[in-house]
Amino acid sequence: MAGARNIQAETGPMLAADGRPLKDSLNRALRRQKLRALLLISPLLLFIMLTFVAPIADMLFRSVENQIVQETIPRTVKALEGWDPSTGAPHDEATFAALYTDLVIAEEYKAHTRLGTRLNYEFGGASSLFRGTGREVGKWPTEVYTEQFVASDPAYRDGAAWALWMADPSVRAVLPLTADAYDAWALMTVVEKDDVPAEEQPLDFVYTALYRDLAAGALPQLMPAVDVDNWDSVAIRDLFLEEDAAWGELPVWQAMKSYGGNYTAGYFLNAVDMQIGANGPEMRAEDERVYVTLFIRTMILSITITATCILLGYPVAWLMANLPARSANLLMILVLLPFWTSLLVRTSAWKVLLQQQGVINDTLVWLGLVDDANRLVLINNEAGTIIAMTHILLPFMILPLYSVMKTIPPSYLRAAKSLGATNWTAFWRVYFPQSVPGIGAGSILVFILAIGYYITPELVGGNKGVFISNRIAYHIGTSLNWGLAAALGTILLVIVLVLYWVYDRVVGIDNVKLGG
Amino acid sequence: MNLPVYATAGQRVWYYGFRVICGLIYFFLLAPIIVIIPLSFNAQDFFTFTPEMLRLDPAGYSTKHYVDFFTNPDWQGPLWNSLAIAPVATLIAVTLGTLAAVGLSQSHVPFRRAIMAILISPMIVPLIISAAGMYFFYSRIGLQGTYWGVVLAHAALGIPFVIITVTATLVSFDRSLVRAAAMMGAGPLWTFFKVQMPLIMPGVVAGGLFAFVTSFDEVVVVLFLGAAGQKTLPWQMFTGLREQISPTILAAATVLIVVSVVLLATLEILRRRSERLRGMSPG
Amino acid sequence: MKLKHLMGATVLAVGPLCGSMAFAQDIAECENCSDSMVLMSWGGAYQASQTAAYAEPYAALTGVNITWDEGSNEAVAKLRAASEAGNMTYDLIDVEGPDSQRACDEGLAVEIDFDEQLAAGADGSTPTADFGPSIINDCFVPQIVFSTTFGYRTDIAEWNGAVPDDLCDVFDLTTFPGMRSLESRPKKNLEWALLCDGVAQADLYDVLSSEGGVDRALAKLDTIKNDVIWWSAGAETPQLLADGEVVMGSTYNGRLFAAAAEQGQPIATLWDWQVFDFDGWIVPEGLDEARMNRVMHFLNFATDTQRLADQAKYISYGPARASSQPLVSTHATLGIEMAPFMPTNPANQKNFLVNNIEWWADNQDEVEAKFQAWLSQ
């Protein structure tokens, strides 16, 4: 046996001490090592996935989600499938009857006002149109059908009889509208009223559907025969138009058709000042464009803040990098103190300092630099945002700059000077290029942080100094247009992720340092 | 950096001019924080220096805003809420973060870069987006407006800091120590707690401090996710700044400044200890 | 006008009827009730008046622990989120009329049976009759009538003794130079601008609905745009006035009262074209039985005739019950007569407006977008 193993060892793969091929053994060790690493990482990864990544994904989903139209008025959406908006508002009774059924049901669930709110984002007036019509739709004189059915045969009043009929497949097959309306009614009776459908008489809209089925020529077995030809009837379209003339116009129908799908690009279009018009996406009216301007302003302010941070951070980092360790350490602590101080503390400090009757203006007036009547406006505008945010983000510029500068040997500068370069040339041609990675790292970091700021602009930015984040907060908290907030957030997120990716390429995420 | 004796007049002007500029930048960095402190002792209910204060008249100063801060339930409630949320969030962040950092520092980690990017992302993604996403998602799963909702969110926000500081200490960690321990018969757990842990402890504590401050200072996410029962100190300050500006905010601010000075000092001590442990000279 | 009824009643308030104040009376036992409540309100002077007038007395009588959340300016959003979460963290929410309509529409608030669940008026009238015109939907239990109006500093030397007494003085930068503060929302601002642009009150919403109507209002606002600080929270204007950052600004009338009468700031109220609104409670859907019992027990107490009248001792808002009007008296600590500071005082309402809730519900999104675009230009 031993001989055989030796021979194999000489000819076959190299073996480890336990007799396995060394390659396999190493692979196994590597796999085990990988597995152990992953096991150590996985709890945190799972945690971040659940508490952080999933919420972000949910936000992305909200920005396109649009089930409400489909869920609230499914029959109308279906009826509108074949309708061409260029032919004008629909005229056919079937579409209006579908909307009637949908609205009666939606009103019971109190869903029609939510739909009105949703469609109001797309065209003004939808809110009161749906609320107003929804309030009245249950009182429309469709009881003429109920009365006539019941008069022709009392069985039509009997909930148990209805339940029996509607359980029969052959009846359901010939009475599609009725079956659908009855099912919706039965579900509503159970869910909303906690009643048993077989003990209740259906509502008018079920009889209306039955009338429409029978008028179309259906001949159900099982049910008492009725001849509806000469019955009194009501034109549902007229009822709608009497309630509100807007039902005879194009916008509401177009909105219901355009937003009938389960997903929509509408929020994203809105987020870049566009809307779905008669001929596809188009720009909004000039005086309703908000977000593109706001994105651009957010960019410009963030760039300004980044530039100011470079301007102020560079000398300080240079000083620290060229001082003996002990003094540099002290200066570093002074940089870190604001970094460690609560954001709100710093913002409130600026609020105190920058007011027209605040410390800075008082001092300037006292020094005679500024006239008392013309105090500087430093708060509630761009200036306030730039000053306060530069202060808050400056440490994020100084720290990476310092860590890069510390690695540049001072001898380079001395060498350049001894070779005859002036101070400026030596700095500009020799030192500065080597410090560029630090500037890059600091700039991206500051810019990424600045672009998403919310609290500071909210408190000192007034109206001209606010960022896109403030608008997102407004749509979440006040206007309740969560879809639009999610779309704006998604765009902002994409911008930041692109920058994050650049940062990773340029600096490497592992190289983020947090002072000390 | 010292001025050589042979420096020309121009060089001297530049040398001192540069220091003055740096001094002014430091003034810009520190003055807003320092100015808060005397203002918080204002005897009046104003945000500006009164003439009495400028004359250094003792009558212009008072500790009444501190009394208000430490007795008024409007401030004490939020203070205790903050103290109930931050440590738990920190504990979660440190435990999971340290484990993961140890995992990430192994020599062969598949998808290391991608994993790192995901773990750091809570620090990079704008707070308003995190807040909006969590608001929507936590609403769906019933965590919105709950203590644990806020704690989990704050833990997620603190994790990148733990990862960064602990990985930084692990980079310089001499892996032969682990092998040495293994050779002497110590199991992996024993090795971790007896050899690795003491050496990376400064990083862990520093990360913990960062995570603590992140939670203790966080306002955007808690504004969205919290309900009245989770109103934290920064939330109360934010409401105060927007609703009724009372100098009690400045007293609260001063207390927070003292806290951050203490934390900063702790960090500095840790840093020196860590350098000493690695045989470097304390700076 | 719906509000006439209430306003007429306030006239009585000036009389000497109001000497007797009932204190610490018995309160019905609350069976199967939770022992704590979270109330959402507006913070500031208003919440303080609620605390003093009924929250503290109620807590003293029952030992219930009451927590406040100053979240009312985002009430419907918080309500919606809490309802989606299936975890209703609030027991009672204080909202303005239009927000109660939204919450009711979305099925987020419970419908109230006024005559069953609320206390009868002290004069024996049924709650429905007593609240009368302030009942604007089935979910809303009204507390007060308040108004949004302008306040101004009384010590501005540049005005050379001129005193603003007309809404349009806000737009007059020559006689009344200085910064103004206005709400960063179109509602109310557009109406005021049109009134000062020569539009009659009756035509306001017709003009706003017409082509170019909103632009006309914005053009009027353009004349002072450079001199405006825009606010988003009701306490900002009093603070800005007190700091001297602005010389006049719009806010809720009670906040102006608090700044002037309680804090002694040199601030006065301009009672021209104040905009009336109701504020009241809504009960969120999704409370369990014990919490619901507790809330209704509290609501019954907090909106009775005496409590609503008591609230007017702390803040200058008109009680929503007709039967409370005769009991309105003097300020709790300052001892001054409250009637002159009430929005419902006849002397203060030579001109007034009521927002058209329906019009705003329809046009809010579109007009808001226009307004924001205009603001950022």
# chains A, B, ... in the order shown; residues from 1 in each chain; ligands from 1
$ residues_around --residues "segment 118-131 of chain A" --least-positions-apart "2" --cutoff "7 Å" --atoms "only C-alpha atoms" --output "PDB file with C-alpha atoms, in the first residue's frame"
ATOM      1  CA  HIS A 112     -63.000  57.441  -4.379  1.00  0.00           C
ATOM      2  CA  THR A 113     -61.563  60.475  -2.591  1.00  0.00           C
ATOM      3  CA  ARG A 114     -58.137  58.888  -2.539  1.00  0.00           C
ATOM      4  CA  LEU A 115     -58.397  58.295  -6.253  1.00  0.00           C
ATOM      5  CA  GLY A 116     -59.490  61.924  -6.661  1.00  0.00           C
ATOM      6  CA  THR A 133     -69.900  62.753  -7.586  1.00  0.00           C
ATOM      7  CA  GLY A 134     -69.040  60.085  -5.043  1.00  0.00           C
ATOM      8  CA  ARG A 135     -71.229  61.789  -2.461  1.00  0.00           C
ATOM      9  CA  ALA A 255     -56.117  60.835 -16.836  1.00  0.00           C
TER      10      ALA A 255
ATOM     11  CA  GLU C 358     -63.269  73.105  -2.041  1.00  0.00           C
ATOM     12  CA  ALA C 361     -58.648  71.035  -2.560  1.00  0.00           C
ATOM     13  CA  ASP C 362     -58.954  71.086  -6.346  1.00  0.00           C
ATOM     14  CA  ASN C 363     -56.285  73.583  -7.215  1.00  0.00           C
ATOM     15  CA  ASP C 365     -51.298  70.994  -6.406  1.00  0.00           C
ATOM     16  CA  GLU C 366     -51.274  73.136  -9.506  1.00  0.00           C
TER      17      GLU C 366
END
$ closest_atom_pairs --of "chain A" --to "chain B" --cutoff "6 Å" --atoms "only C-alpha atoms" --output "Markdown table"
| residue | atom | partner | partner_atom | distance |
| --- | --- | --- | --- | --- |
| A:Lys34 | CA | B:Val109 | CA | 5.5 |
| A:Ala37 | CA | B:Gly103 | CA | 4.2 |
| A:Leu40 | CA | B:Gly103 | CA | 5.0 |
| A:Ile41 | CA | B:Ala100 | CA | 4.0 |
| A:Leu44 | CA | B:Leu96 | CA | 5.2 |
| A:Pro55 | CA | B:Gly133 | CA | 4.5 |
| A:Ile56 | CA | B:Gly133 | CA | 4.8 |
| A:Met59 | CA | B:Gly133 | CA | 5.0 |
| A:Val316 | CA | B:Cys22 | CA | 5.7 |
| A:Asn322 | CA | B:Met1 | CA | 5.8 |
| A:Ala325 | CA | B:Gly283 | CA | 5.8 |
| A:Arg326 | CA | B:Gly283 | CA | 5.9 |
| A:Trp340 | CA | B:Ser260 | CA | 5.8 |
| A:Thr341 | CA | B:Ser260 | CA | 5.8 |
| A:Ser342 | CA | B:Asp217 | CA | 5.5 |
| A:Val345 | CA | B:Ala253 | CA | 5.2 |
| A:Ala349 | CA | B:Pro32 | CA | 5.5 |
| A:Gly452 | CA | B:Pro126 | CA | 4.5 |
| A:Gly489 | CA | B:Ile129 | CA | 5.7 |
$ select_by_dssp --residues "segment 195-331 of chain C" --states "helix (DSSP H, G or I)" --output "PyMOL selection string"
chain C and resi 195-196+201-209+213-222+225-227+236-243+253-262+289-302+305-311+322-327
$ write_last_selection --atoms "C-alpha atoms" --output "JSON list (two decimals), in the first residue's frame"
[["chain", "number", "residue", "atom", "x", "y", "z"],
["C", 195, "LEU", "CA", -57.99, 92.07, -2.69],
["C", 196, "CYS", "CA", -55.27, 94.71, -2.78],
["C", 201, "GLN", "CA", -64.33, 89.66, -2.21],
["C", 202, "ALA", "CA", -67.20, 88.00, -4.06],
["C", 203, "ASP", "CA", -65.11, 87.61, -7.21],
["C", 204, "LEU", "CA", -61.95, 86.24, -5.60],
["C", 205, "TYR", "CA", -62.26, 82.60, -6.56],
["C", 206, "ASP", "CA", -63.72, 83.39, -9.97],
["C", 207, "VAL", "CA", -60.66, 85.50, -10.71],
["C", 208, "LEU", "CA", -58.33, 82.82, -9.34],
["C", 209, "SER", "CA", -60.02, 80.19, -11.51],
["C", 213, "GLY", "CA", -55.87, 84.91, -12.29],
["C", 214, "VAL", "CA", -53.08, 83.30, -10.27],
["C", 215, "ASP", "CA", -50.52, 85.25, -12.31],
["C", 216, "ARG", "CA", -52.29, 88.47, -11.43],
["C", 217, "ALA", "CA", -52.03, 87.68, -7.73],
["C", 218, "LEU", "CA", -48.36, 86.74, -8.12],
["C", 219, "ALA", "CA", -47.71, 89.97, -10.01],
["C", 220, "LYS", "CA", -49.09, 91.88, -7.05],
["C", 221, "LEU", "CA", -46.89, 89.87, -4.69],
["C", 222, "ASP", "CA", -43.96, 90.64, -6.98],
["C", 225, "LYS", "CA", -41.17, 90.00, -3.11],
["C", 226, "ASN", "CA", -37.70, 91.37, -2.40],
["C", 227, "ASP", "CA", -38.81, 92.49, 1.04],
["C", 236, "GLU", "CA", -41.73, 82.31, 13.04],
["C", 237, "THR", "CA", -43.47, 85.63, 12.44],
["C", 238, "PRO", "CA", -43.77, 86.56, 16.15],
["C", 239, "GLN", "CA", -40.12, 85.61, 16.58],
["C", 240, "LEU", "CA", -39.05, 87.61, 13.53],
["C", 241, "LEU", "CA", -41.11, 90.58, 14.74],
["C", 242, "ALA", "CA", -39.62, 90.34, 18.22],
["C", 243, "ASP", "CA", -36.08, 90.12, 16.83],
["C", 253, "ASN", "CA", -53.87, 85.94, 15.68],
["C", 254, "GLY", "CA", -53.29, 84.07, 18.97],
["C", 255, "ARG", "CA", -49.54, 84.04, 18.42],
["C", 256, "LEU", "CA", -49.56, 87.80, 18.02],
["C", 257, "PHE", "CA", -51.55, 88.11, 21.22],
["C", 258, "ALA", "CA", -49.04, 85.94, 23.06],
["C", 259, "ALA", "CA", -46.09, 87.97, 21.79],
["C", 260, "ALA", "CA", -47.69, 91.34, 22.55],
["C", 261, "ALA", "CA", -49.69, 90.79, 25.73],
["C", 262, "GLU", "CA", -47.76, 87.99, 27.44],
["C", 289, "GLU", "CA", -61.27, 49.70, 22.71],
["C", 290, "ALA", "CA", -59.52, 50.92, 25.85],
["C", 291, "ARG", "CA", -57.79, 53.75, 24.05],
["C", 292, "MET", "CA", -60.96, 54.66, 22.21],
["C", 293, "ASN", "CA", -62.87, 54.82, 25.49],
["C", 294, "ARG", "CA", -60.22, 57.02, 27.00],
["C", 295, "VAL", "CA", -60.16, 59.37, 24.03],
["C", 296, "MET", "CA", -63.92, 59.78, 23.92],
["C", 297, "HIS", "CA", -63.97, 60.33, 27.67],
["C", 298, "PHE", "CA", -61.36, 63.05, 27.31],
["C", 299, "LEU", "CA", -63.03, 64.54, 24.26],
["C", 300, "ASN", "CA", -66.31, 64.79, 26.09],
["C", 301, "PHE", "CA", -64.59, 66.71, 28.87],
["C", 302, "ALA", "CA", -62.27, 68.84, 26.76],
["C", 305, "THR", "CA", -68.88, 74.49, 27.30],
["C", 306, "GLN", "CA", -66.70, 75.40, 30.26],
["C", 307, "ARG", "CA", -63.44, 73.96, 28.93],
["C", 308, "LEU", "CA", -63.72, 75.71, 25.61],
["C", 309, "ALA", "CA", -64.47, 78.97, 27.42],
["C", 310, "ASP", "CA", -61.49, 78.35, 29.72],
["C", 311, "GLN", "CA", -59.19, 78.00, 26.75],
["C", 322, "ALA", "CA", -72.08, 79.12, 21.00],
["C", 323, "SER", "CA", -72.75, 78.33, 24.66],
["C", 324, "SER", "CA", -69.12, 79.05, 25.55],
["C", 325, "GLN", "CA", -69.20, 82.57, 24.21],
["C", 326, "PRO", "CA", -70.91, 84.19, 27.24],
["C", 327, "LEU", "CA", -68.31, 82.63, 29.54]]
$ residues_around --residues "Ile398 of chain A" --least-positions-apart "3" --cutoff "10 Å" --atoms "only C-alpha atoms" --output "NGL selection string"
:A and (309-310 or 312-318 or 320 or 332 or 335-336 or 393-395 or 401-403 or 438-439 or 442 or 515)
$ write_last_selection --atoms "C-alpha atoms" --output "short mmCIF file (atom, residue, chain, number, x, y, z; two decimals), in the first residue's frame"
data_model
loop_
_atom_site.label_atom_id
_atom_site.label_comp_id
_atom_site.auth_asym_id
_atom_site.auth_seq_id
_atom_site.Cartn_x
_atom_site.Cartn_y
_atom_site.Cartn_z
CA CYS A 309 -14.26 74.39 1.64
CA ILE A 310 -11.21 73.87 -0.60
CA LEU A 312 -10.51 77.46 3.54
CA GLY A 313 -9.41 73.88 4.10
CA TYR A 314 -6.22 73.89 2.03
CA PRO A 315 -4.22 76.40 4.10
CA VAL A 316 -5.23 74.76 7.35
CA ALA A 317 -4.33 71.28 6.11
CA TRP A 318 -1.01 72.58 4.80
CA MET A 320 -1.01 71.04 10.02
CA MET A 332 -6.27 68.65 14.60
CA VAL A 335 -10.68 70.90 13.66
CA LEU A 336 -12.36 67.88 15.15
CA LEU A 393 -18.58 70.51 6.07
CA LEU A 394 -15.11 72.06 6.35
CA PRO A 395 -13.71 69.27 8.57
CA LEU A 401 -6.44 66.85 2.56
CA TYR A 402 -4.30 66.50 5.66
CA SER A 403 -3.86 62.76 5.29
CA GLY A 438 -6.53 64.99 -1.37
CA ILE A 439 -8.52 67.76 -2.99
CA GLY A 442 -12.30 65.93 0.03
CA GLY A 515 -9.47 61.81 11.77
#
$ atom_distance --atom1 "atom CA of Val292 of chain A" --atom2 "atom CA of Ser232 of chain C"
22.6 Å
$ closest_residue --among "A:Tyr211, A:Tyr182, A:Tyr412, A:Tyr109" --to "chain C" --atoms "only C-alpha atoms"
A:Tyr109
$ atom_distance --atom1 "atom CA of Ile224 of chain C" --atom2 "atom CA of Lys350 of chain C"
25.2 Å
$ interface_residues --of "chain C" --to "chain A" --cutoff "10 Å" --atoms "only C-alpha atoms" --output "PyMOL selection string"
chain C and resi 71+73-78+80-81+102+104-107+184+215+228-232+240+243-246+358-377
$ atom_distance --atom1 "atom CA of Trp273 of chain C" --atom2 "atom CA of Asn351 of chain C"
4.8 Å
$ closest_atom_pairs --of "chain C" --to "chain B" --cutoff "6 Å" --atoms "only C-alpha atoms" --output "CSV"
residue,atom,partner,partner_atom,distance
C:Asp69,CA,B:Ala228,CA,4.8
C:Ala81,CA,B:Ser139,CA,5.5
C:Glu84,CA,B:Ser139,CA,5.5
C:Ala85,CA,B:Gly142,CA,4.0
C:Gly86,CA,B:Gly142,CA,5.8
C:Ala235,CA,B:Glu243,CA,5.0
$ residues_around --residues "segment 35-40 of chain C" --least-positions-apart "2" --cutoff "7 Å" --atoms "only C-alpha atoms" --output "PyMOL selection string"
chain C and resi 33+64-72+90-94
$ write_last_selection --atoms "C-alpha atoms" --output "PDB file, in the first residue's frame"
ATOM      1  CA  CYS C  33     -59.902  52.968  29.611  1.00  0.00           C
ATOM      2  CA  VAL C  64     -54.023  59.920  33.024  1.00  0.00           C
ATOM      3  CA  ASN C  65     -50.570  60.465  31.612  1.00  0.00           C
ATOM      4  CA  ILE C  66     -50.691  62.805  28.609  1.00  0.00           C
ATOM      5  CA  THR C  67     -47.857  63.099  26.083  1.00  0.00           C
ATOM      6  CA  TRP C  68     -47.777  65.819  23.450  1.00  0.00           C
ATOM      7  CA  ASP C  69     -46.389  65.701  19.951  1.00  0.00           C
ATOM      8  CA  GLU C  70     -45.983  69.004  18.125  1.00  0.00           C
ATOM      9  CA  GLY C  71     -46.629  67.462  14.738  1.00  0.00           C
ATOM     10  CA  SER C  72     -49.874  68.994  13.623  1.00  0.00           C
ATOM     11  CA  TYR C  90     -51.597  58.976  18.372  1.00  0.00           C
ATOM     12  CA  ASP C  91     -54.839  59.040  20.290  1.00  0.00           C
ATOM     13  CA  LEU C  92     -56.149  62.434  19.318  1.00  0.00           C
ATOM     14  CA  ILE C  93     -54.998  64.850  16.688  1.00  0.00           C
ATOM     15  CA  ASP C  94     -55.470  68.572  16.454  1.00  0.00           C
TER      16      ASP C  94
END
$ residues_around --residues "segment 219-232 of chain A" --least-positions-apart "4" --cutoff "9 Å" --atoms "only C-alpha atoms" --output "tab-separated table (two decimals) with N, CA and C atoms, in the first residue's frame"
chain	number	residue	atom	x	y	z
A	144	VAL	N	-85.16	52.77	-9.92
A	144	VAL	CA	-86.26	52.39	-10.83
A	144	VAL	C	-86.10	50.95	-11.26
A	145	TYR	N	-84.85	50.52	-11.47
A	145	TYR	CA	-84.64	49.13	-11.91
A	145	TYR	C	-85.00	48.18	-10.78
A	148	GLN	N	-88.73	47.92	-10.45
A	148	GLN	CA	-89.39	47.18	-11.53
A	148	GLN	C	-89.13	45.69	-11.45
A	149	PHE	N	-87.88	45.32	-11.07
A	149	PHE	CA	-87.58	43.89	-10.91
A	149	PHE	C	-88.44	43.31	-9.80
A	152	SER	N	-92.03	42.93	-10.75
A	152	SER	CA	-92.34	41.85	-11.68
A	152	SER	C	-92.25	40.49	-11.01
A	153	ASP	N	-91.40	40.36	-10.03
A	153	ASP	CA	-91.37	39.11	-9.25
A	153	ASP	C	-90.69	39.36	-7.91
A	155	ALA	N	-89.33	37.53	-5.90
A	155	ALA	CA	-88.11	36.76	-5.67
A	155	ALA	C	-86.86	37.63	-5.83
A	156	TYR	N	-86.98	38.68	-6.64
A	156	TYR	CA	-85.83	39.55	-6.88
A	156	TYR	C	-85.42	40.34	-5.64
A	161	ALA	N	-82.30	33.95	-2.72
A	161	ALA	CA	-82.50	33.59	-4.12
A	161	ALA	C	-81.34	34.10	-4.97
A	162	TRP	N	-80.94	35.34	-4.71
A	162	TRP	CA	-79.80	35.92	-5.44
A	162	TRP	C	-78.56	35.06	-5.25
A	165	TRP	N	-78.84	32.01	-7.40
A	165	TRP	CA	-78.65	32.29	-8.84
A	165	TRP	C	-77.19	32.53	-9.15
A	168	ASP	N	-74.71	29.77	-9.67
A	168	ASP	CA	-74.88	28.87	-10.81
A	168	ASP	C	-74.04	29.32	-12.00
A	170	SER	N	-74.04	28.65	-15.13
A	170	SER	CA	-74.70	28.99	-16.40
A	170	SER	C	-75.29	30.39	-16.33
A	171	VAL	N	-75.82	30.76	-15.16
A	171	VAL	CA	-76.35	32.11	-14.99
A	171	VAL	C	-75.22	33.13	-15.11
A	172	ARG	N	-74.15	32.82	-14.41
A	172	ARG	CA	-73.01	33.75	-14.44
A	172	ARG	C	-72.50	33.95	-15.85
A	173	ALA	N	-72.53	32.88	-16.64
A	173	ALA	CA	-71.99	32.97	-17.99
A	173	ALA	C	-72.79	33.92	-18.87
A	174	VAL	N	-74.11	33.92	-18.69
A	174	VAL	CA	-74.92	34.79	-19.56
A	174	VAL	C	-75.09	36.19	-18.97
A	175	LEU	N	-74.82	36.34	-17.69
A	175	LEU	CA	-74.99	37.66	-17.07
A	175	LEU	C	-73.64	38.18	-16.54
A	211	TYR	N	-80.23	44.76	-15.37
A	211	TYR	CA	-81.03	45.37	-16.42
A	211	TYR	C	-80.21	45.48	-17.70
A	213	ASP	N	-77.63	43.71	-18.62
A	213	ASP	CA	-77.43	42.38	-19.21
A	213	ASP	C	-78.67	41.92	-19.97
A	214	LEU	N	-79.82	42.08	-19.31
A	214	LEU	CA	-81.06	41.60	-19.93
A	214	LEU	C	-81.40	42.43	-21.16
A	215	ALA	N	-81.17	43.75	-21.07
A	215	ALA	CA	-81.46	44.61	-22.20
A	215	ALA	C	-80.60	44.24	-23.39
